[in-house]
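Novice: Dropping in input.cif, with mmCIF, C-alpha atoms.
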```cif
data_query
#
loop_
_atom_site.label_atom_id
_atom_site.label_comp_id
_atom_site.auth_asym_id
_atom_site.auth_seq_id
_atom_site.Cartn_x
_atom_site.Cartn_y
_atom_site.Cartn_z
CA MET A 76 -55.63 -65.16 30.55
CA LYS A 77 -53.11 -66.94 28.37
CA ASP A 78 -54.16 -70.28 26.91
CA PRO A 79 -51.22 -72.74 26.92
CA ARG A 80 -52.75 -74.44 23.89
CA ASP A 81 -52.64 -71.29 21.75
CA PRO A 82 -50.21 -72.00 18.81
CA LEU A 83 -49.49 -68.28 18.13
CA SER A 84 -46.37 -68.14 20.25
CA SER A 85 -44.76 -71.19 18.73
CA THR A 86 -45.77 -70.07 15.26
CA LEU A 87 -44.14 -66.68 15.75
CA LYS A 88 -40.98 -68.35 16.97
CA LEU A 89 -40.75 -70.43 13.84
CA TRP A 90 -41.62 -67.56 11.41
CA GLN A 91 -38.74 -66.11 9.45
CA HIS A 92 -38.84 -63.38 6.76
CA GLU A 93 -36.10 -62.96 4.22
CA PRO A 94 -36.79 -59.84 2.10
CA ALA A 95 -35.45 -59.87 -1.45
CA PRO A 96 -32.65 -57.34 -2.00
CA ALA A 97 -33.74 -54.14 -3.69
CA PRO A 98 -32.75 -54.11 -7.35
CA ASP A 99 -29.68 -51.90 -8.06
CA PHE A 100 -29.31 -51.11 -4.35
CA ARG A 101 -25.50 -50.84 -4.47
CA ASN A 102 -25.47 -48.44 -7.44
CA GLN A 103 -28.11 -46.23 -5.85
CA VAL A 104 -26.00 -45.88 -2.69
CA TRP A 105 -22.91 -44.90 -4.66
CA ASN A 106 -24.89 -42.45 -6.78
CA ARG A 107 -26.09 -40.69 -3.65
CA ILE A 108 -22.55 -40.54 -2.24
CA HIS A 109 -21.19 -39.04 -5.46
CA ALA A 110 -23.99 -36.49 -5.65
CA SER A 111 -23.26 -35.40 -2.08
CA VAL A 112 -19.53 -34.88 -2.81
CA ASP A 113 -20.28 -32.87 -5.97
CA ARG A 114 -22.72 -30.63 -4.16
CA SER A 115 -20.33 -29.82 -1.31
CA SER A 116 -17.39 -28.94 -3.58
CA ALA A 117 -19.52 -26.74 -5.84
CA SER A 118 -21.02 -24.65 -3.07
CA ILE A 119 -17.97 -22.78 -1.79
CA PHE A 120 -20.05 -20.06 -0.26
CA HIS A 121 -22.45 -22.36 1.43
CA PHE A 122 -22.11 -22.14 5.17
CA PRO A 123 -23.77 -24.26 7.76
CA GLY A 124 -26.74 -22.53 9.25
CA ALA A 125 -25.20 -22.68 12.69
CA LEU A 126 -22.21 -20.51 11.73
CA PRO A 127 -23.51 -17.25 10.20
CA LEU A 128 -21.92 -15.16 12.95
CA ALA A 129 -18.44 -16.50 12.24
CA ALA A 130 -18.93 -15.90 8.51
CA SER A 131 -20.13 -12.35 9.13
CA LEU A 132 -17.19 -11.63 11.40
CA ALA A 133 -14.77 -13.02 8.84
CA VAL A 134 -16.25 -10.77 6.14
CA LEU A 135 -16.18 -7.68 8.36
CA PHE A 136 -12.62 -8.35 9.47
CA SER A 137 -11.53 -8.86 5.86
CA ILE A 138 -13.15 -5.61 4.75
CA ALA A 139 -11.45 -3.75 7.59
CA ALA A 140 -8.07 -5.35 6.89
CA GLY A 141 -8.24 -4.81 3.11
CA SER A 142 -9.47 -1.23 3.33
CA GLY A 143 -7.04 -0.37 6.13
CA THR A 144 -4.07 -1.71 4.19
CA ALA A 145 -5.09 0.17 1.04
CA PHE A 146 -5.64 3.37 2.99
CA ALA A 147 -2.21 3.10 4.61
CA LEU A 148 -0.61 2.39 1.25
CA ASN A 149 -2.32 5.38 -0.36
CA GLN A 150 -1.22 7.62 2.49
CA SER A 151 2.35 6.40 2.16
CA LEU A 152 2.36 6.93 -1.63
CA THR A 153 0.86 10.40 -1.31
CA THR A 154 3.36 11.41 1.37
CA ASP A 155 6.24 10.14 -0.73
CA ARG A 156 5.01 11.94 -3.85
CA MET A 157 4.47 15.21 -1.99
CA ALA A 158 7.91 14.97 -0.38
CA ALA A 159 9.46 14.52 -3.83
CA ALA A 160 7.42 17.47 -5.17
CA TYR A 161 8.59 19.62 -2.26
CA VAL A 162 12.23 18.75 -2.86
CA ARG A 163 11.85 19.65 -6.54
CA THR A 164 10.97 23.20 -5.46
CA ILE A 165 14.14 23.68 -3.42
CA ASP A 166 16.73 21.49 -5.18
CA PRO A 167 18.51 23.43 -7.96
CA VAL A 168 19.89 20.25 -9.52
CA GLN A 169 16.40 18.82 -9.99
CA MET A 170 14.97 22.19 -10.98
CA THR A 171 17.52 22.66 -13.74
CA ALA A 172 17.09 19.07 -14.90
CA LEU A 173 13.50 19.84 -15.89
CA GLU A 174 13.38 20.74 -19.55
CA SER A 175 10.56 23.19 -18.87
CA HIS A 176 12.66 25.10 -16.37
CA ILE A 177 13.42 28.58 -17.67
CA HIS A 178 15.66 30.53 -15.42
CA PRO A 179 14.61 34.14 -14.83
CA MET B 23 -14.63 -28.15 1.51
CA SER B 24 -14.55 -27.66 5.27
CA PRO B 25 -16.19 -24.57 6.81
CA LEU B 26 -12.80 -23.29 7.98
CA LEU B 27 -11.37 -23.43 4.48
CA ARG B 28 -14.47 -21.72 3.14
CA TYR B 29 -14.04 -18.90 5.68
CA ILE B 30 -10.39 -18.44 4.77
CA PHE B 31 -11.18 -18.44 1.06
CA LEU B 32 -14.02 -15.97 1.51
CA ALA B 33 -11.90 -13.74 3.77
CA ILE B 34 -9.10 -13.56 1.18
CA ILE B 35 -11.52 -12.66 -1.63
CA VAL B 36 -13.32 -10.01 0.42
CA ALA B 37 -10.04 -8.53 1.68
CA ALA B 38 -8.68 -8.33 -1.87
CA LEU B 39 -11.86 -6.65 -3.10
CA ALA B 40 -11.86 -4.17 -0.21
CA PHE B 41 -8.18 -3.40 -0.84
CA GLY B 42 -8.71 -2.85 -4.57
CA LEU B 43 -11.79 -0.69 -4.17
CA THR B 44 -10.29 1.45 -1.42
CA HIS B 45 -7.03 1.84 -3.33
CA ILE B 46 -8.81 2.92 -6.52
CA LEU B 47 -11.42 5.16 -4.93
CA LEU B 48 -9.10 6.94 -2.50
CA HIS B 49 -6.04 7.17 -4.76
CA PRO B 50 -5.53 10.89 -5.37
CA ALA B 51 -5.19 11.98 -8.97
CA HIS B 52 -1.79 13.36 -9.89
CA ASP B 53 -3.31 16.54 -11.27
CA THR B 54 -4.91 17.41 -7.94
CA GLU B 55 -1.69 18.11 -6.09
CA VAL B 56 -2.01 20.34 -3.06
CA ASP B 57 0.41 23.14 -2.33
CA GLU B 58 3.64 21.87 -0.78
CA MET B 59 3.36 24.25 2.15
CA VAL B 60 -0.20 23.11 2.88
CA TRP B 61 0.99 19.52 2.70
CA MET B 62 3.86 20.24 5.11
CA LYS B 63 1.53 21.95 7.55
CA ASN B 64 -0.78 18.94 7.62
CA GLU B 65 1.85 16.22 7.38
CA PHE B 66 4.16 17.58 10.08
CA LYS B 67 1.43 19.12 12.23
CA LEU B 68 2.92 22.60 12.06
CA THR B 69 1.61 25.35 14.26
CA THR B 70 0.91 28.74 12.74
CA ALA B 71 4.18 30.08 14.18
CA GLN B 72 6.14 27.13 12.77
CA SER B 73 4.50 27.60 9.36
CA SER B 74 5.42 31.27 9.34
CA THR B 75 9.02 30.51 10.29
CA ILE B 76 9.32 27.89 7.57
CA GLU B 77 7.75 30.15 4.96
CA GLN B 78 10.26 32.82 5.90
CA LEU B 79 13.09 30.27 5.57
CA HIS B 80 11.80 29.36 2.10
CA ASP B 81 11.62 33.01 1.10
CA ASP B 82 15.18 33.58 2.34
CA TYR B 83 16.45 30.50 0.54
CA HIS B 84 14.70 31.27 -2.74
CA PRO B 85 17.36 33.74 -4.07
CA VAL B 86 20.13 31.32 -3.07
CA CYS B 87 18.35 28.52 -4.91
CA MET B 88 17.86 30.69 -8.00
CA GLU B 89 21.53 31.64 -8.01
CA HIS B 90 22.50 27.97 -7.79
CA CYS B 91 20.13 27.23 -10.65
CA ARG B 92 21.74 29.94 -12.74
CA LEU B 93 25.26 28.67 -12.02
CA ILE B 94 24.37 25.08 -12.81
CA MET B 95 22.66 25.99 -16.06
CA GLN B 96 25.64 28.12 -17.02
CA ALA B 97 28.00 25.25 -16.21
CA ARG B 98 25.91 22.85 -18.29
CA LYS B 99 25.96 25.27 -21.18
CA THR B 100 29.72 25.62 -20.85
CA LEU B 101 30.06 21.84 -20.78
CA THR B 102 28.50 21.53 -24.22
CA THR B 103 30.90 24.02 -25.79
CA ALA B 104 34.04 23.72 -23.64
CA ALA B 105 37.28 22.64 -25.23
CA ASP B 106 38.46 21.26 -21.91
CA HIS B 107 35.57 18.92 -21.26
CA ALA B 108 37.10 17.37 -18.15
CA SER B 109 37.52 20.62 -16.26
CA ALA B 110 34.04 21.80 -17.31
CA GLN B 111 32.60 18.53 -16.03
CA ALA B 112 34.55 18.89 -12.78
CA GLU B 113 33.19 22.42 -12.34
CA LEU B 114 29.61 21.19 -12.91
CA THR B 115 30.12 18.39 -10.41
CA ARG B 116 31.53 20.85 -7.89
CA LEU B 117 28.56 23.18 -8.33
CA GLU B 118 26.11 20.31 -7.94
CA ALA B 119 27.84 19.31 -4.72
CA VAL B 120 27.61 22.89 -3.45
CA CYS B 121 23.89 22.94 -4.29
CA HIS B 122 23.41 19.58 -2.61
CA ASP B 123 25.04 20.81 0.58
CA ALA B 124 23.09 24.08 0.51
CA THR B 125 19.81 22.23 0.02
CA GLN B 126 20.59 19.80 2.84
CA ALA B 127 21.50 22.72 5.12
CA HIS B 128 18.22 24.42 4.22
CA LEU B 129 16.31 21.22 5.02
CA LYS B 130 18.02 21.06 8.41
CA ARG B 131 16.99 24.65 9.13
CA VAL B 132 13.41 23.82 8.16
CA ALA B 133 13.50 20.69 10.34
CA ALA B 134 14.81 22.74 13.26
CA ALA B 135 11.71 24.93 13.02
CA MET B 136 9.51 21.88 13.62
CA SER B 137 9.02 19.89 16.79
CA PRO B 138 11.99 17.54 17.33
CA ASP B 139 10.21 14.32 16.40
CA GLN B 140 8.50 15.84 13.35
CA GLY B 141 11.77 17.46 12.30
CA GLU B 142 13.52 14.11 12.46
CA ARG B 143 10.73 12.50 10.42
CA PHE B 144 10.90 15.37 7.90
CA LEU B 145 14.63 14.86 7.36
CA LYS B 146 14.26 11.10 7.02
CA LEU B 147 11.48 11.53 4.47
CA VAL B 148 12.78 14.45 2.43
CA GLY B 149 16.55 14.27 2.84
CA PRO B 150 17.15 11.20 0.65
CA LYS B 151 15.17 12.75 -2.20
CA VAL B 152 17.69 15.56 -2.67
CA SER B 153 19.78 14.80 -5.73
CA GLY B 154 23.49 15.16 -6.20
CA GLN B 155 26.36 14.54 -3.91
CA SER B 156 27.91 16.11 -0.88
CA HIS B 157 31.22 17.89 -0.67
CA ASP B 158 32.02 15.22 1.90
CA ALA B 159 31.87 12.55 -0.79
CA PRO B 160 34.60 12.10 -3.39
CA LEU B 161 33.75 13.94 -6.59
CA GLY B 162 32.28 11.75 -9.27
CA LEU B 163 31.10 9.13 -6.81
CA LYS B 164 27.38 9.22 -6.09
#
```
Take the structure in the file and write it out as structure tokens.

Specialist:
Amino acid sequence: MKDPRDPLSSTLKLWQHEPAPAPDFRNQVWNRIHASVDRSSASIFHFPGALPLAASLAVLFSIAAGSGTAFALNQSLTTDRMAAAYVRTIDPVQMTALESHIHP
Amino acid sequence: MSPLLRYIFLAIIVAALAFGLTHILLHPAHDTEVDEMVWMKNEFKLTTAQSSTIEQLHDDYHPVCMEHCRLIMQARKTLTTAADHASAQAELTRLEAVCHDATQAHLKRVAAAMSPDQGERFLKLVGPKVSGQSHDAPLGLK
């Protein structure tokens, strides 16, 4: 049962605590902010743990796109070169333009 | 850097690497050329009958081509020694135009031996690579 003469309640109401500010608090906060910015800009390949699937898909898509483009380009170059080689076997003007061409 | 920018950056790098590697590894060496007839058979999906017809066309055209070669070489030789340089040059130009027309006609015969769509693709691919000028064009203008 609560005693109305107990001074604890009134004492607690009057009690006030004013902690002293931590030394160099402001500089420490700014140092932590700067360190965080440096870390994020340096780690280009760092991905959040929640997004590995998106990163994997991006890599796979890029490999497919890059390889596919190169394959198509190679095919086109080969076709063009073979077409030119074929024409050189049937075009007298080109055949005679070759210095190595010796007419039978 | 935001995750989206990181993905884009990574995608560009990986795509460039994949392109470079594929291009280098699959690029055929120039000294490993395949036979032109084998290439045509694969490129234009020729049947055995079409291949035979085209080979026969090539065999028939070969003497014509050799004769054109001989005439052109003779005209070039004449050009170096001719007193009338202009007429010798005109004769060479005329012969080159004849050869051009004969080659184009041969290509059309070869294309006709293919399926219509492949024949059209063949002419579009090979036709512009024939040198010289046509009789239809004014002499001296290429």

Novice: I need the contact residues of chain A against chain B, so if you could list those with any atom within 6 Å, counting only C-alpha atoms, and return them as a PDB file with C-alpha atoms, in the frame of the given file, that would help.

Specialist:
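Final output, part-v8.pdb:
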```
ATOM      1  CA  SER A 116     -17.390 -28.940  -3.580  1.00  0.00           C
ATOM      2  CA  ALA A 133     -14.770 -13.020   8.840  1.00  0.00           C
ATOM      3  CA  VAL A 134     -16.250 -10.770   6.140  1.00  0.00           C
ATOM      4  CA  SER A 137     -11.530  -8.860   5.860  1.00  0.00           C
ATOM      5  CA  ILE A 138     -13.150  -5.610   4.750  1.00  0.00           C
ATOM      6  CA  GLY A 141      -8.240  -4.810   3.110  1.00  0.00           C
ATOM      7  CA  SER A 142      -9.470  -1.230   3.330  1.00  0.00           C
ATOM      8  CA  ALA A 145      -5.090   0.170   1.040  1.00  0.00           C
ATOM      9  CA  ALA A 158       7.910  14.970  -0.380  1.00  0.00           C
ATOM     10  CA  TYR A 161       8.590  19.620  -2.260  1.00  0.00           C
ATOM     11  CA  PRO A 167      18.510  23.430  -7.960  1.00  0.00           C
TER      12      PRO A 167
END
```

Novice: Quote the spacing between CA of Thr70 (chain B) and CA of Ser137 (chain B) in Å to one decimal place.

Specialist: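 We find that CA of Thr70 (chain B) and CA of Ser137 (chain B) lie 12.7 Å from each other.
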
Novice: At what distance in Å, to one decimal, does CA of Asn64 (chain B) lie from CA of Gln150 (chain A)?

Specialist: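 A separation of 12.4 Å between them.
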
Novice: Work out how far apart CA of Pro138 (chain B) and CA of Phe66 (chain B) are and give it in Å to one decimal.

Specialist: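 If I compute the distance from CA of Pro138 (chain B) to CA of Phe66 (chain B), I get 10.7 Å.
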
Novice: Using the file's own x, y and z axes, what box holds all listed atoms of region 81-90 of chain A with 6 Å on each side, keeping edges along x, y and z, and what are its centre and edge lengths in Å to one decimal, as JSON?

Specialist:
```
{"center_x": -46.7, "center_y": -69.3, "center_z": 16.6, "size_x": 23.9, "size_y": 17.3, "size_z": 22.3}
```

Novice: From the block you just saw, export region 138-163 of chain A: N, CA, C and O atoms, as a JSON list (two decimals), in the first residue's frame.

Specialist:
```json
[["chain", "number", "residue", "atom", "x", "y", "z"],
["A", 138, "ILE", "N", 26.06, -10.96, -71.06],
["A", 138, "ILE", "CA", 26.88, -11.96, -71.77],
["A", 138, "ILE", "C", 26.18, -12.38, -73.07],
["A", 138, "ILE", "O", 26.80, -12.45, -74.13],
["A", 139, "ALA", "N", 24.88, -12.63, -72.96],
["A", 139, "ALA", "CA", 24.12, -13.06, -74.15],
["A", 139, "ALA", "C", 24.13, -11.97, -75.21],
["A", 139, "ALA", "O", 24.35, -12.23, -76.40],
["A", 140, "ALA", "N", 23.90, -10.72, -74.78],
["A", 140, "ALA", "CA", 23.85, -9.61, -75.75],
["A", 140, "ALA", "C", 25.21, -9.39, -76.39],
["A", 140, "ALA", "O", 25.32, -9.24, -77.62],
["A", 141, "GLY", "N", 26.27, -9.37, -75.58],
["A", 141, "GLY", "CA", 27.62, -9.13, -76.12],
["A", 141, "GLY", "C", 28.05, -10.24, -77.06],
["A", 141, "GLY", "O", 28.52, -9.99, -78.17],
["A", 142, "SER", "N", 27.87, -11.48, -76.62],
["A", 142, "SER", "CA", 28.28, -12.63, -77.45],
["A", 142, "SER", "C", 27.44, -12.70, -78.73],
["A", 142, "SER", "O", 27.96, -12.97, -79.81],
["A", 143, "GLY", "N", 26.14, -12.46, -78.58],
["A", 143, "GLY", "CA", 25.25, -12.52, -79.75],
["A", 143, "GLY", "C", 25.62, -11.48, -80.79],
["A", 143, "GLY", "O", 25.66, -11.77, -81.99],
["A", 144, "THR", "N", 25.92, -10.28, -80.33],
["A", 144, "THR", "CA", 26.30, -9.20, -81.26],
["A", 144, "THR", "C", 27.61, -9.55, -81.97],
["A", 144, "THR", "O", 27.74, -9.38, -83.18],
["A", 145, "ALA", "N", 28.57, -10.05, -81.20],
["A", 145, "ALA", "CA", 29.87, -10.40, -81.80],
["A", 145, "ALA", "C", 29.71, -11.55, -82.80],
["A", 145, "ALA", "O", 30.33, -11.54, -83.87],
["A", 146, "PHE", "N", 28.88, -12.51, -82.45],
["A", 146, "PHE", "CA", 28.66, -13.65, -83.35],
["A", 146, "PHE", "C", 28.02, -13.18, -84.66],
["A", 146, "PHE", "O", 28.45, -13.58, -85.75],
["A", 147, "ALA", "N", 27.02, -12.30, -84.54],
["A", 147, "ALA", "CA", 26.36, -11.78, -85.74],
["A", 147, "ALA", "C", 27.34, -10.97, -86.59],
["A", 147, "ALA", "O", 27.34, -11.07, -87.82],
["A", 148, "LEU", "N", 28.18, -10.19, -85.92],
["A", 148, "LEU", "CA", 29.16, -9.39, -86.66],
["A", 148, "LEU", "C", 30.16, -10.29, -87.39],
["A", 148, "LEU", "O", 30.48, -10.06, -88.57],
["A", 149, "ASN", "N", 30.64, -11.32, -86.70],
["A", 149, "ASN", "CA", 31.58, -12.25, -87.32],
["A", 149, "ASN", "C", 30.95, -12.94, -88.53],
["A", 149, "ASN", "O", 31.59, -13.11, -89.56],
["A", 150, "GLN", "N", 29.70, -13.34, -88.37],
["A", 150, "GLN", "CA", 29.00, -14.00, -89.48],
["A", 150, "GLN", "C", 28.91, -13.07, -90.68],
["A", 150, "GLN", "O", 29.15, -13.47, -91.82],
["A", 151, "SER", "N", 28.56, -11.82, -90.39],
["A", 151, "SER", "CA", 28.40, -10.83, -91.46],
["A", 151, "SER", "C", 29.74, -10.59, -92.17],
["A", 151, "SER", "O", 29.80, -10.54, -93.41],
["A", 152, "LEU", "N", 30.82, -10.47, -91.38],
["A", 152, "LEU", "CA", 32.14, -10.23, -91.96],
["A", 152, "LEU", "C", 32.59, -11.42, -92.81],
["A", 152, "LEU", "O", 33.14, -11.25, -93.90],
["A", 153, "THR", "N", 32.34, -12.62, -92.28],
["A", 153, "THR", "CA", 32.74, -13.82, -93.02],
["A", 153, "THR", "C", 31.97, -13.93, -94.33],
["A", 153, "THR", "O", 32.55, -14.21, -95.39],
["A", 154, "THR", "N", 30.66, -13.69, -94.26],
["A", 154, "THR", "CA", 29.84, -13.75, -95.47],
["A", 154, "THR", "C", 30.32, -12.75, -96.51],
["A", 154, "THR", "O", 30.45, -13.06, -97.69],
["A", 155, "ASP", "N", 30.61, -11.56, -96.04],
["A", 155, "ASP", "CA", 31.06, -10.51, -96.95],
["A", 155, "ASP", "C", 32.41, -10.89, -97.60],
["A", 155, "ASP", "O", 32.61, -10.70, -98.80],
["A", 156, "ARG", "N", 33.31, -11.42, -96.77],
["A", 156, "ARG", "CA", 34.63, -11.79, -97.29],
["A", 156, "ARG", "C", 34.53, -12.94, -98.30],
["A", 156, "ARG", "O", 35.20, -12.96, -99.33],
["A", 157, "MET", "N", 33.67, -13.91, -97.99],
["A", 157, "MET", "CA", 33.52, -15.05, -98.89],
["A", 157, "MET", "C", 32.85, -14.62, -100.20],
["A", 157, "MET", "O", 33.20, -15.13, -101.27],
["A", 158, "ALA", "N", 31.89, -13.70, -100.10],
["A", 158, "ALA", "CA", 31.25, -13.20, -101.31],
["A", 158, "ALA", "C", 32.27, -12.50, -102.20],
["A", 158, "ALA", "O", 32.29, -12.69, -103.43],
["A", 159, "ALA", "N", 33.15, -11.71, -101.59],
["A", 159, "ALA", "CA", 34.19, -11.01, -102.35],
["A", 159, "ALA", "C", 35.15, -12.03, -102.98],
["A", 159, "ALA", "O", 35.57, -11.86, -104.13],
["A", 160, "ALA", "N", 35.49, -13.08, -102.21],
["A", 160, "ALA", "CA", 36.40, -14.11, -102.73],
["A", 160, "ALA", "C", 35.75, -14.84, -103.91],
["A", 160, "ALA", "O", 36.41, -15.15, -104.90],
["A", 161, "TYR", "N", 34.45, -15.09, -103.80],
["A", 161, "TYR", "CA", 33.74, -15.77, -104.88],
["A", 161, "TYR", "C", 33.75, -14.92, -106.15],
["A", 161, "TYR", "O", 34.02, -15.42, -107.25],
["A", 162, "VAL", "N", 33.48, -13.63, -105.97],
["A", 162, "VAL", "CA", 33.44, -12.74, -107.15],
["A", 162, "VAL", "C", 34.81, -12.68, -107.82],
["A", 162, "VAL", "O", 34.91, -12.63, -109.04],
["A", 163, "ARG", "N", 35.87, -12.73, -107.00],
["A", 163, "ARG", "CA", 37.22, -12.69, -107.59],
["A", 163, "ARG", "C", 37.50, -13.90, -108.48],
["A", 163, "ARG", "O", 38.39, -13.84, -109.32]]
```
